[in-house]
file input.cif (mmCIF, C-alpha atoms)
data_final
loop_
_atom_site.group_PDB
_atom_site.id
_atom_site.type_symbol
_atom_site.label_atom_id
_atom_site.label_comp_id
_atom_site.auth_asym_id
_atom_site.auth_seq_id
_atom_site.Cartn_x
_atom_site.Cartn_y
_atom_site.Cartn_z
ATOM 1 C CA MET W 1 78.906 120.893 76.495
ATOM 2 C CA GLN W 2 77.173 118.023 74.712
ATOM 3 C CA ILE W 3 76.255 115.022 76.870
ATOM 4 C CA ILE W 4 75.886 111.577 75.253
ATOM 5 C CA ARG W 5 74.653 108.541 77.172
ATOM 6 C CA ASP W 6 74.290 105.885 74.464
ATOM 7 C CA LEU W 7 75.952 104.737 71.252
ATOM 8 C CA ASP W 8 73.533 106.431 68.869
ATOM 9 C CA PHE W 9 75.626 109.492 67.988
ATOM 10 C CA GLN W 10 77.957 110.890 65.353
ATOM 11 C CA LEU W 11 80.871 113.237 66.025
ATOM 12 C CA ASN W 12 83.506 114.705 63.751
ATOM 13 C CA ASN W 13 87.232 115.436 64.011
ATOM 14 C CA THR W 14 87.739 114.660 67.690
ATOM 15 C CA ALA W 15 90.465 114.183 70.261
ATOM 16 C CA VAL W 16 89.196 111.454 72.585
ATOM 17 C CA CYS W 17 90.400 111.045 76.178
ATOM 18 C CA ILE W 18 89.417 107.655 77.626
ATOM 19 C CA GLY W 19 89.254 106.599 81.270
ATOM 20 C CA LYS W 20 87.137 106.359 84.398
ATOM 21 C CA PHE W 21 88.021 109.966 85.316
ATOM 22 C CA ASP W 22 86.858 109.593 88.909
ATOM 23 C CA GLY W 23 87.510 113.007 90.446
ATOM 24 C CA ILE W 24 88.987 114.348 87.180
ATOM 25 C CA HIS W 25 92.162 114.863 89.193
ATOM 26 C CA ARG W 26 95.445 116.472 88.166
ATOM 27 C CA GLY W 27 96.653 113.307 86.464
ATOM 28 C CA HIS W 28 93.499 113.074 84.368
ATOM 29 C CA ARG W 29 93.934 116.689 83.334
ATOM 30 C CA LEU W 30 97.156 115.814 81.540
ATOM 31 C CA LEU W 31 94.973 113.984 79.011
ATOM 32 C CA LEU W 32 92.639 116.949 78.638
ATOM 33 C CA GLU W 33 95.569 119.319 78.210
ATOM 34 C CA GLU W 34 96.897 117.150 75.384
ATOM 35 C CA ALA W 35 93.467 117.090 73.728
ATOM 36 C CA LYS W 36 93.206 120.867 73.967
ATOM 37 C CA LYS W 37 96.510 121.287 72.104
ATOM 38 C CA SER W 38 95.051 119.417 69.121
ATOM 39 C CA GLY W 39 92.473 122.106 68.347
ATOM 40 C CA ARG W 40 89.886 119.360 67.798
ATOM 41 C CA THR W 41 86.625 118.673 69.595
ATOM 42 C CA ILE W 42 87.548 117.388 73.063
ATOM 43 C CA VAL W 43 85.700 114.198 74.021
ATOM 44 C CA MET W 44 85.821 112.745 77.527
ATOM 45 C CA PHE W 45 84.921 109.075 77.086
ATOM 46 C CA THR W 46 84.029 107.531 80.427
ATOM 47 C CA PHE W 47 81.735 104.988 82.019
ATOM 48 C CA ALA W 48 78.656 105.101 84.231
ATOM 49 C CA ALA W 49 79.449 105.741 87.885
ATOM 50 C CA GLU W 50 79.908 102.862 90.277
ATOM 51 C CA ARG W 51 79.599 102.927 94.056
ATOM 52 C CA GLY W 52 82.392 104.361 96.161
ATOM 53 C CA VAL W 53 83.367 107.002 93.627
ATOM 54 C CA LEU W 54 84.606 110.498 94.346
ATOM 55 C CA TYR W 55 81.949 112.100 92.153
ATOM 56 C CA GLY W 56 78.548 111.057 90.934
ATOM 57 C CA GLU W 57 77.779 111.412 87.244
ATOM 58 C CA GLU W 58 76.194 114.868 87.447
ATOM 59 C CA GLU W 59 79.100 116.209 89.510
ATOM 60 C CA LYS W 60 81.550 114.800 86.985
ATOM 61 C CA ILE W 61 79.615 116.407 84.131
ATOM 62 C CA GLN W 62 79.627 119.761 85.890
ATOM 63 C CA LEU W 63 83.375 119.718 86.447
ATOM 64 C CA ALA W 64 84.114 118.482 82.925
ATOM 65 C CA ALA W 65 82.190 121.437 81.485
ATOM 66 C CA LYS W 66 84.164 123.900 83.603
ATOM 67 C CA LEU W 67 87.397 122.332 82.399
ATOM 68 C CA GLY W 68 86.498 122.930 78.761
ATOM 69 C CA VAL W 69 85.381 119.483 77.613
ATOM 70 C CA ASP W 70 83.218 119.720 74.481
ATOM 71 C CA VAL W 71 81.544 116.292 74.607
ATOM 72 C CA PHE W 72 80.964 114.182 77.714
ATOM 73 C CA LEU W 73 80.405 110.615 76.557
ATOM 74 C CA VAL W 74 79.297 108.221 79.319
ATOM 75 C CA ILE W 75 78.553 104.609 78.434
ATOM 76 C CA PRO W 76 77.018 101.939 80.713
ATOM 77 C CA PHE W 77 79.644 99.280 81.408
ATOM 78 C CA ASN W 78 77.244 96.426 80.678
ATOM 79 C CA ARG W 79 77.825 92.840 79.526
ATOM 80 C CA GLN W 80 77.572 93.727 75.835
ATOM 81 C CA PHE W 81 80.227 96.386 76.226
ATOM 82 C CA LYS W 82 82.482 94.170 78.371
ATOM 83 C CA GLU W 83 82.416 91.380 75.779
ATOM 84 C CA GLN W 84 83.196 93.616 72.808
ATOM 85 C CA PRO W 85 86.552 92.726 71.181
ATOM 86 C CA PRO W 86 89.037 95.603 71.446
ATOM 87 C CA GLU W 87 89.412 95.897 67.663
ATOM 88 C CA GLU W 88 85.653 96.276 67.328
ATOM 89 C CA PHE W 89 85.602 98.999 69.993
ATOM 90 C CA VAL W 90 88.192 100.983 68.058
ATOM 91 C CA LYS W 91 86.540 100.586 64.650
ATOM 92 C CA LYS W 92 82.851 100.840 65.560
ATOM 93 C CA ILE W 93 82.986 103.441 68.331
ATOM 94 C CA LEU W 94 86.223 105.424 68.325
ATOM 95 C CA LEU W 95 86.436 105.665 64.539
ATOM 96 C CA ALA W 96 82.913 105.269 63.149
ATOM 97 C CA ARG W 97 81.084 107.154 65.935
ATOM 98 C CA CYS W 98 83.698 109.538 67.350
ATOM 99 C CA ASP W 99 85.731 110.124 64.166
ATOM 100 C CA ALA W 100 88.776 110.142 66.454
ATOM 101 C CA LYS W 101 91.891 111.703 64.980
ATOM 102 C CA LYS W 102 93.757 111.599 68.274
ATOM 103 C CA ILE W 103 93.242 109.127 71.141
ATOM 104 C CA ILE W 104 94.767 110.027 74.518
ATOM 105 C CA VAL W 105 95.105 107.484 77.315
ATOM 106 C CA GLY W 106 97.088 106.743 80.453
ATOM 107 C CA ASP W 107 100.075 104.405 80.352
ATOM 108 C CA ASP W 108 98.151 101.534 81.985
ATOM 109 C CA PHE W 109 95.121 101.719 79.686
ATOM 110 C CA ARG W 110 93.464 98.385 78.839
ATOM 111 C CA PHE W 111 90.174 97.849 77.023
ATOM 112 C CA GLY W 112 87.911 95.360 75.299
ATOM 113 C CA TYR W 113 86.986 91.779 76.101
ATOM 114 C CA GLN W 114 89.200 90.322 78.855
ATOM 115 C CA ARG W 115 91.173 93.574 78.718
ATOM 116 C CA ARG W 116 92.995 92.319 75.614
ATOM 117 C CA GLY W 117 93.327 95.779 74.167
ATOM 118 C CA ASP W 118 96.353 97.836 75.157
ATOM 119 C CA ILE W 119 98.490 100.745 74.024
ATOM 120 C CA ARG W 120 100.370 98.654 71.466
ATOM 121 C CA LEU W 121 97.113 97.634 69.801
ATOM 122 C CA LEU W 122 95.975 101.265 69.642
ATOM 123 C CA GLN W 123 99.270 102.333 68.103
ATOM 124 C CA LYS W 124 99.161 99.502 65.570
ATOM 125 C CA MET W 125 95.572 100.308 64.547
ATOM 126 C CA GLY W 126 96.426 103.986 64.448
ATOM 127 C CA LYS W 127 98.973 103.375 61.717
ATOM 128 C CA GLU W 128 96.422 101.344 59.780
ATOM 129 C CA TYR W 129 93.425 103.659 60.172
ATOM 130 C CA GLY W 130 95.098 107.052 60.405
ATOM 131 C CA PHE W 131 94.712 108.216 63.998
ATOM 132 C CA GLU W 132 97.357 109.237 66.516
ATOM 133 C CA THR W 133 97.724 107.589 69.934
ATOM 134 C CA ILE W 134 99.121 109.711 72.757
ATOM 135 C CA VAL W 135 100.146 107.978 75.988
ATOM 136 C CA LYS W 136 100.544 110.041 79.155
ATOM 137 C CA GLU W 137 102.567 108.778 82.092
ATOM 138 C CA LYS W 138 101.086 108.953 85.569
ATOM 139 C CA MET W 139 101.626 112.225 87.409
ATOM 140 C CA VAL W 140 103.604 111.956 90.638
ATOM 141 C CA ALA W 141 103.220 114.123 93.754
ATOM 142 C CA ASP W 142 105.180 113.727 97.005
ATOM 143 C CA GLY W 143 106.881 110.631 95.683
ATOM 144 C CA ASP W 144 103.722 108.716 94.783
ATOM 145 C CA ILE W 145 101.420 108.440 91.773
ATOM 146 C CA ILE W 146 98.303 110.603 91.770
ATOM 147 C CA SER W 147 95.391 108.205 91.502
ATOM 148 C CA SER W 148 91.705 108.135 92.346
ATOM 149 C CA THR W 149 92.419 105.320 94.829
ATOM 150 C CA ARG W 150 94.968 107.447 96.671
ATOM 151 C CA ILE W 151 92.589 110.397 96.778
ATOM 152 C CA ARG W 152 89.665 108.272 97.994
ATOM 153 C CA THR W 153 91.814 107.080 100.897
ATOM 154 C CA LEU W 154 92.620 110.668 101.871
ATOM 155 C CA VAL W 155 88.940 111.646 101.634
ATOM 156 C CA ARG W 156 87.885 108.727 103.853
ATOM 157 C CA GLN W 157 90.401 109.945 106.432
ATOM 158 C CA GLY W 158 89.167 113.536 106.280
ATOM 159 C CA ARG W 159 92.515 114.788 104.996
ATOM 160 C CA MET W 160 90.841 117.300 102.704
ATOM 161 C CA ARG W 161 93.746 119.643 102.124
ATOM 162 C CA GLU W 162 95.899 116.772 100.858
ATOM 163 C CA ALA W 163 93.070 115.318 98.773
ATOM 164 C CA ASN W 164 92.267 118.711 97.270
ATOM 165 C CA ALA W 165 95.897 119.298 96.314
ATOM 166 C CA LEU W 166 95.824 116.083 94.260
ATOM 167 C CA LEU W 167 92.374 116.692 92.797
ATOM 168 C CA GLY W 168 93.207 120.166 91.510
ATOM 169 C CA THR W 169 89.690 121.398 92.185
ATOM 170 C CA PRO W 170 88.538 120.847 95.794
ATOM 171 C CA TYR W 171 86.354 117.845 96.643
ATOM 172 C CA GLN W 172 82.770 118.800 95.941
ATOM 173 C CA ILE W 173 79.226 117.879 96.853
ATOM 174 C CA ALA W 174 76.717 119.275 94.373
ATOM 175 C CA GLY W 175 72.970 119.063 94.213
ATOM 176 C CA GLU W 176 69.612 120.709 94.580
ATOM 177 C CA VAL W 177 68.935 122.471 97.869
ATOM 178 C CA GLN W 178 66.213 120.637 99.782
ATOM 179 C CA ARG W 179 63.936 121.811 102.565
ATOM 180 C CA GLY W 180 65.079 120.568 105.955
ATOM 181 C CA ARG W 181 63.502 121.111 109.365
ATOM 182 C CA GLN W 182 64.377 124.834 109.087
ATOM 183 C CA LEU W 183 65.959 124.797 112.530
ATOM 184 C CA GLY W 184 68.844 126.837 111.194
ATOM 185 C CA SER W 185 66.764 129.932 110.579
ATOM 186 C CA SER W 186 63.998 129.473 113.176
ATOM 187 C CA VAL W 187 65.996 128.238 116.177
ATOM 188 C CA LEU W 188 69.690 128.746 115.553
ATOM 189 C CA HIS W 189 69.266 131.999 113.591
ATOM 190 C CA THR W 190 71.763 130.825 110.990
ATOM 191 C CA PRO W 191 69.916 130.149 107.693
ATOM 192 C CA THR W 192 71.287 126.993 106.105
ATOM 193 C CA ALA W 193 71.000 125.002 102.885
ATOM 194 C CA ASN W 194 70.606 121.216 102.863
ATOM 195 C CA LEU W 195 72.110 118.922 100.212
ATOM 196 C CA TYR W 196 71.908 115.148 100.038
ATOM 197 C CA PRO W 197 74.966 113.543 98.391
ATOM 198 C CA ASP W 198 74.718 111.083 95.527
ATOM 199 C CA SER W 199 74.463 107.566 97.001
ATOM 200 C CA SER W 200 77.425 106.432 94.881
ATOM 201 C CA LYS W 201 79.852 108.914 96.487
ATOM 202 C CA GLU W 202 82.825 108.194 98.696
ATOM 203 C CA LEU W 203 82.175 110.549 101.619
ATOM 204 C CA PRO W 204 84.652 111.983 104.123
ATOM 205 C CA PRO W 205 84.060 111.520 107.885
ATOM 206 C CA TYR W 206 80.920 113.008 109.364
ATOM 207 C CA GLY W 207 81.754 116.363 110.870
ATOM 208 C CA VAL W 208 82.182 120.078 110.372
ATOM 209 C CA TYR W 209 84.066 121.574 107.437
ATOM 210 C CA ALA W 210 85.183 124.983 106.248
ATOM 211 C CA VAL W 211 83.575 125.292 102.808
ATOM 212 C CA LEU W 212 83.393 127.392 99.693
ATOM 213 C CA ALA W 213 80.229 127.306 97.627
ATOM 214 C CA GLU W 214 79.033 128.398 94.215
ATOM 215 C CA ALA W 215 75.462 129.651 94.196
ATOM 216 C CA ASP W 216 73.612 132.049 91.897
ATOM 217 C CA GLY W 217 76.786 132.488 89.855
ATOM 218 C CA ARG W 218 78.762 133.746 92.838
ATOM 219 C CA GLN W 219 81.227 132.320 95.342
ATOM 220 C CA PHE W 220 80.560 132.244 99.087
ATOM 221 C CA ALA W 221 82.519 131.234 102.166
ATOM 222 C CA GLY W 222 80.781 129.151 104.785
ATOM 223 C CA VAL W 223 80.751 126.311 107.259
ATOM 224 C CA GLY W 224 79.021 122.955 106.796
ATOM 225 C CA ASN W 225 78.088 119.840 108.723
ATOM 226 C CA LEU W 226 78.152 116.488 106.953
ATOM 227 C CA GLY W 227 76.276 113.706 108.710
ATOM 228 C CA LYS W 228 72.994 112.797 110.395
ATOM 229 C CA LYS W 229 72.488 115.743 112.818
ATOM 230 C CA PRO W 230 72.331 113.693 116.054
ATOM 231 C CA THR W 231 71.350 116.656 118.244
ATOM 232 C CA ILE W 232 67.960 116.909 116.529
ATOM 233 C CA GLY W 233 67.001 113.603 118.128
ATOM 234 C CA MET W 234 65.467 112.005 115.041
ATOM 235 C CA GLU W 235 67.120 109.740 112.493
ATOM 236 C CA GLU W 236 68.162 111.851 109.512
ATOM 237 C CA PRO W 237 69.519 110.766 106.123
ATOM 238 C CA VAL W 238 73.155 111.618 105.498
ATOM 239 C CA GLY W 239 73.238 115.207 104.341
ATOM 240 C CA LEU W 240 75.391 118.301 104.096
ATOM 241 C CA GLU W 241 73.973 121.363 105.825
ATOM 242 C CA VAL W 242 75.835 124.575 105.018
ATOM 243 C CA TRP W 243 75.673 128.126 106.303
ATOM 244 C CA LEU W 244 76.916 130.546 103.644
ATOM 245 C CA PHE W 245 78.027 133.580 105.615
ATOM 246 C CA ASP W 246 77.192 136.393 103.216
ATOM 247 C CA TYR W 247 74.393 134.869 101.175
ATOM 248 C CA GLU W 248 71.049 136.670 101.149
ATOM 249 C CA GLY W 249 68.128 135.077 99.376
ATOM 250 C CA ASN W 250 66.318 131.786 98.974
ATOM 251 C CA LEU W 251 68.250 128.755 97.730
ATOM 252 C CA TYR W 252 65.431 126.186 97.879
ATOM 253 C CA GLY W 253 65.208 124.252 94.622
ATOM 254 C CA LYS W 254 68.453 125.698 93.256
ATOM 255 C CA THR W 255 71.506 123.624 92.393
ATOM 256 C CA ILE W 256 74.655 124.645 94.233
ATOM 257 C CA THR W 257 78.159 123.220 94.529
ATOM 258 C CA VAL W 258 79.862 123.030 97.902
ATOM 259 C CA TYR W 259 83.628 122.486 98.142
ATOM 260 C CA LEU W 260 84.979 120.942 101.339
ATOM 261 C CA ILE W 261 88.175 122.841 102.083
ATOM 262 C CA ASP W 262 89.189 121.689 105.552
ATOM 263 C CA PHE W 263 87.954 119.259 108.217
ATOM 264 C CA GLN W 264 87.413 121.005 111.570
ATOM 265 C CA ARG W 265 85.892 118.495 114.005
ATOM 266 C CA PRO W 266 83.839 115.269 114.090
ATOM 267 C CA GLU W 267 80.054 115.419 114.215
ATOM 268 C CA GLN W 268 78.771 115.207 117.782
ATOM 269 C CA LYS W 269 75.563 115.226 119.777
ATOM 270 C CA PHE W 270 74.939 118.196 122.063
ATOM 271 C CA ALA W 271 72.829 118.232 125.210
ATOM 272 C CA SER W 272 70.720 121.153 124.012
ATOM 273 C CA MET W 273 70.049 123.361 121.024
ATOM 274 C CA GLU W 274 71.661 126.223 122.928
ATOM 275 C CA GLU W 275 74.930 124.283 123.189
ATOM 276 C CA LEU W 276 74.716 123.515 119.488
ATOM 277 C CA LYS W 277 74.143 127.185 118.705
ATOM 278 C CA THR W 278 77.251 128.162 120.715
ATOM 279 C CA GLN W 279 79.337 125.544 118.946
ATOM 280 C CA ILE W 280 78.147 126.667 115.507
ATOM 281 C CA ALA W 281 79.323 130.190 116.295
ATOM 282 C CA GLU W 282 82.752 128.813 117.209
ATOM 283 C CA ASP W 283 82.819 126.644 114.080
ATOM 284 C CA ALA W 284 82.031 129.696 111.964
ATOM 285 C CA ILE W 285 84.893 131.669 113.472
ATOM 286 C CA GLN W 286 87.323 128.847 112.735
ATOM 287 C CA ALA W 287 86.012 128.462 109.179
ATOM 288 C CA ARG W 288 86.357 132.187 108.502
ATOM 289 C CA GLN W 289 89.951 132.081 109.719
ATOM 290 C CA THR W 290 90.754 129.096 107.492
ATOM 291 C CA LEU W 291 89.100 130.553 104.407
ATOM 292 C CA ALA W 292 90.696 133.972 104.908
ATOM 293 C CA GLN W 293 93.991 132.343 103.964
ATOM 294 C CA ILE W 294 92.671 131.379 100.516
ATOM 295 C CA ASP W 295 93.141 133.640 97.524
ATOM 296 C CA GLY W 296 89.921 135.096 96.117
ATOM 297 C CA GLY W 297 90.508 133.410 92.765
ATOM 298 C CA TYR W 298 91.178 129.998 94.269
ATOM 299 C CA LEU W 299 88.258 128.192 92.638
ATOM 300 C CA GLU W 300 88.669 129.844 89.247
ATOM 301 C CA GLN W 301 92.336 128.877 89.144
ATOM 302 C CA SER W 302 91.506 125.284 90.086
ATOM 303 C CA TYR W 303 89.504 124.835 86.871
ATOM 304 C CA ARG W 304 92.649 125.221 84.782
ATOM 305 C CA TYR W 305 94.797 122.310 83.632
#

call {"tool": "encode", "arguments": {"input": "input.cif", "output": "structure tokens"}}
result
Amino acid sequence: MQIIRDLDFQLNNTAVCIGKFDGIHRGHRLLLEEAKKSGRTIVMFTFAAERGVLYGEEEKIQLAAKLGVDVFLVIPFNRQFKEQPPEEFVKKILLARCDAKKIIVGDDFRFGYQRRGDIRLLQKMGKEYGFETIVKEKMVADGDIISSTRIRTLVRQGRMREANALLGTPYQIAGEVQRGRQLGSSVLHTPTANLYPDSSKELPPYGVYAVLAEADGRQFAGVGNLGKKPTIGMEEPVGLEVWLFDYEGNLYGKTITVYLIDFQRPEQKFASMEELKTQIAEDAIQARQTLAQIDGGYLEQSYRY
């Protein structure tokens, strides 16, 4: 997948999907599905990540690639871009740079200076300049629209199963495995991997989760703790520490993706490392039971539209 981060580019014969795409949830995938039908180069046109988002930019890029996007185009939402007239955006970027033959947007799409651009303008300019505008209605689940705002609320509440059902692919934390205090292997005898989430991310409650992880091209079941590890007795940055049950090897310096499948309990401080060790064993049993209910192809299926 090609990644473009500025306006110095030239594409040809594209189907362009435009939006924030936070989470790239099931509703967003309707746009991608439409682009795929066109047989043209699929462009995801989005904007640099803000704070409080479901996924940081690198996580979004990773998921977009797995979903079959050909070009990931991320533009800083700066003053120059905000003040660009909508007609200029269409002519100078969507047509001149992207060579868009099909533009796919949601039914509430607005763009350009003071949000003056809308679907009617796109359709009007499409007739004049020879591109097709496709408008997709919002997807509804359980009587309500699927939106990034709705999903963020569920994530904040730790309702991961509900959030994951709306996302399509389970909520993820991806990153390079860092060296921690190595208490997992030396004291608790459960080798763990430490990740530190992107600072822009909307995180679920601190606590223990049943997880699936992708590492070294394989999928592993595990259990993870998100938080500050209060039992250690020293202030720790917010991190995700995961124990992948059947992994053998060294993950330090490797990039892995951890999917939070189910919230098990809040993070807590234990009186001793021995108590913590006992609790981890119980957490692992519960996580294994939860993950045993998931089909082996669960992740692979979630990458489909």

call {"tool": "resolve_selection", "arguments": {"input": "input.cif", "expression": "the PyMOL selection byres ((chain W and resi 161) around 9)", "output": "PyMOL selection string"}}
result
chain W and resi 158-160+162-166+170+260-263

call {"tool": "write_last_selection", "arguments": {"input": "input.cif", "atoms": "C-alpha atoms", "output": "short mmCIF file (atom, residue, chain, number, x, y, z; two decimals), in the coordinates of the input"}}
result
data_model
loop_
_atom_site.label_atom_id
_atom_site.label_comp_id
_atom_site.auth_asym_id
_atom_site.auth_seq_id
_atom_site.Cartn_x
_atom_site.Cartn_y
_atom_site.Cartn_z
CA GLY W 158 89.17 113.54 106.28
CA ARG W 159 92.52 114.79 105.00
CA MET W 160 90.84 117.30 102.70
CA GLU W 162 95.90 116.77 100.86
CA ALA W 163 93.07 115.32 98.77
CA ASN W 164 92.27 118.71 97.27
CA ALA W 165 95.90 119.30 96.31
CA LEU W 166 95.82 116.08 94.26
CA PRO W 170 88.54 120.85 95.79
CA LEU W 260 84.98 120.94 101.34
CA ILE W 261 88.18 122.84 102.08
CA ASP W 262 89.19 121.69 105.55
CA PHE W 263 87.95 119.26 108.22
#

call {"tool": "axis_aligned_box", "arguments": {"input": "input.cif", "around": "range 32-48 of chain W", "padding_each_side": "4 Å", "output": "lines of an AutoDock Vina configuration file"}}
result
center_x = 87.8
center_y = 113.5
center_z = 76.0
size_x = 26.2
size_y = 25.1
size_z = 24.4

call {"tool": "resolve_selection", "arguments": {"input": "input.cif", "expression": "the PyMOL selection byres ((chain W and resi 202-217) around 7)", "output": "VMD selection string"}}
result
chain W and resid 52 to 54 152 155 to 158 200 to 201 218 to 227 256 to 267 287

call {"tool": "write_last_selection", "arguments": {"input": "input.cif", "atoms": "C-alpha atoms", "output": "compact mmCIF listing (two decimals), in the frame of the given file"}}
result
# COMPACT_ATOMS: atom_id res chain seq x y z
CA GLY W 52 82.39 104.36 96.16
CA VAL W 53 83.37 107.00 93.63
CA LEU W 54 84.61 110.50 94.35
CA ARG W 152 89.66 108.27 97.99
CA VAL W 155 88.94 111.65 101.63
CA ARG W 156 87.88 108.73 103.85
CA GLN W 157 90.40 109.94 106.43
CA GLY W 158 89.17 113.54 106.28
CA SER W 200 77.42 106.43 94.88
CA LYS W 201 79.85 108.91 96.49
CA ARG W 218 78.76 133.75 92.84
CA GLN W 219 81.23 132.32 95.34
CA PHE W 220 80.56 132.24 99.09
CA ALA W 221 82.52 131.23 102.17
CA GLY W 222 80.78 129.15 104.78
CA VAL W 223 80.75 126.31 107.26
CA GLY W 224 79.02 122.96 106.80
CA ASN W 225 78.09 119.84 108.72
CA LEU W 226 78.15 116.49 106.95
CA GLY W 227 76.28 113.71 108.71
CA ILE W 256 74.66 124.64 94.23
CA THR W 257 78.16 123.22 94.53
CA VAL W 258 79.86 123.03 97.90
CA TYR W 259 83.63 122.49 98.14
CA LEU W 260 84.98 120.94 101.34
CA ILE W 261 88.18 122.84 102.08
CA ASP W 262 89.19 121.69 105.55
CA PHE W 263 87.95 119.26 108.22
CA GLN W 264 87.41 121.00 111.57
CA ARG W 265 85.89 118.50 114.00
CA PRO W 266 83.84 115.27 114.09
CA GLU W 267 80.05 115.42 114.22
CA ALA W 287 86.01 128.46 109.18

call {"tool": "closest_residue", "arguments": {"input": "input.cif", "among": "W:Pro85, W:Pro76, W:Gly56, W:Gly23", "to": "Ser199 in chain W", "atoms": "all atoms listed in the file"}}
result
W:Gly56

call {"tool": "residues_near_point", "arguments": {"input": "input.cif", "point": "(92.8, 107.1, 61.9)", "cutoff": "12 Å", "atoms": "only C-alpha atoms", "output": "NGL selection string"}}
result
:W and (13-15 or 90-91 or 94-96 or 98-103 or 122-133)

call {"tool": "atom_distance", "arguments": {"input": "input.cif", "atom1": "CA of Tyr113 in chain W", "atom2": "CA of Lys138 in chain W"}}
result
24.2 Å

call {"tool": "resolve_selection", "arguments": {"input": "input.cif", "expression": "the PyMOL selection byres ((chain W and resi 176) around 7)", "output": "PyMOL selection string"}}
result
chain W and resi 175+177-178+195+253-256

call {"tool": "write_last_selection", "arguments": {"input": "input.cif", "atoms": "C-alpha atoms", "output": "mmCIF file, keeping the file's coordinate frame"}}
result
data_model
loop_
_atom_site.group_PDB
_atom_site.id
_atom_site.type_symbol
_atom_site.label_atom_id
_atom_site.label_comp_id
_atom_site.auth_asym_id
_atom_site.auth_seq_id
_atom_site.Cartn_x
_atom_site.Cartn_y
_atom_site.Cartn_z
ATOM 1 C CA GLY W 175 72.970 119.063 94.213
ATOM 2 C CA VAL W 177 68.935 122.471 97.869
ATOM 3 C CA GLN W 178 66.213 120.637 99.782
ATOM 4 C CA LEU W 195 72.110 118.922 100.212
ATOM 5 C CA GLY W 253 65.208 124.252 94.622
ATOM 6 C CA LYS W 254 68.453 125.698 93.256
ATOM 7 C CA THR W 255 71.506 123.624 92.393
ATOM 8 C CA ILE W 256 74.655 124.645 94.233
#

call {"tool": "atom_distance", "arguments": {"input": "input.cif", "atom1": "CA of Gln84 in chain W", "atom2": "CA of Glu59 in chain W"}}
result
28.4 Å

call {"tool": "build_atoms", "arguments": {"input": "input.cif", "residues": "range 139-150 of chain W", "atoms": "N, CA and C atoms", "output": "CSV table (one decimal), in the frame of the given file"}}
result
chain,number,residue,atom,x,y,z
W,139,MET,N,101.0,111.1,86.7
W,139,MET,CA,101.6,112.2,87.4
W,139,MET,C,102.0,111.8,88.8
W,140,VAL,N,103.1,112.3,89.3
W,140,VAL,CA,103.6,112.0,90.6
W,140,VAL,C,103.6,113.2,91.5
W,141,ALA,N,103.2,113.0,92.8
W,141,ALA,CA,103.2,114.1,93.8
W,141,ALA,C,103.7,113.5,95.1
W,142,ASP,N,104.6,114.2,95.7
W,142,ASP,CA,105.2,113.7,97.0
W,142,ASP,C,105.6,112.3,96.9
W,143,GLY,N,106.3,111.9,95.8
W,143,GLY,CA,106.9,110.6,95.7
W,143,GLY,C,105.9,109.5,95.4
W,144,ASP,N,104.7,109.8,95.1
W,144,ASP,CA,103.7,108.7,94.8
W,144,ASP,C,102.8,109.1,93.6
W,145,ILE,N,102.3,108.2,92.9
W,145,ILE,CA,101.4,108.4,91.8
W,145,ILE,C,100.1,109.1,92.2
W,146,ILE,N,99.6,110.0,91.5
W,146,ILE,CA,98.3,110.6,91.8
W,146,ILE,C,97.3,109.7,91.2
W,147,SER,N,96.4,109.1,92.0
W,147,SER,CA,95.4,108.2,91.5
W,147,SER,C,94.1,108.4,92.3
W,148,SER,N,93.0,108.0,91.7
W,148,SER,CA,91.7,108.1,92.3
W,148,SER,C,91.7,107.3,93.6
W,149,THR,N,92.4,106.2,93.6
W,149,THR,CA,92.4,105.3,94.8
W,149,THR,C,93.1,106.0,96.0
W,150,ARG,N,94.2,106.7,95.7
W,150,ARG,CA,95.0,107.4,96.7
W,150,ARG,C,94.1,108.6,97.2
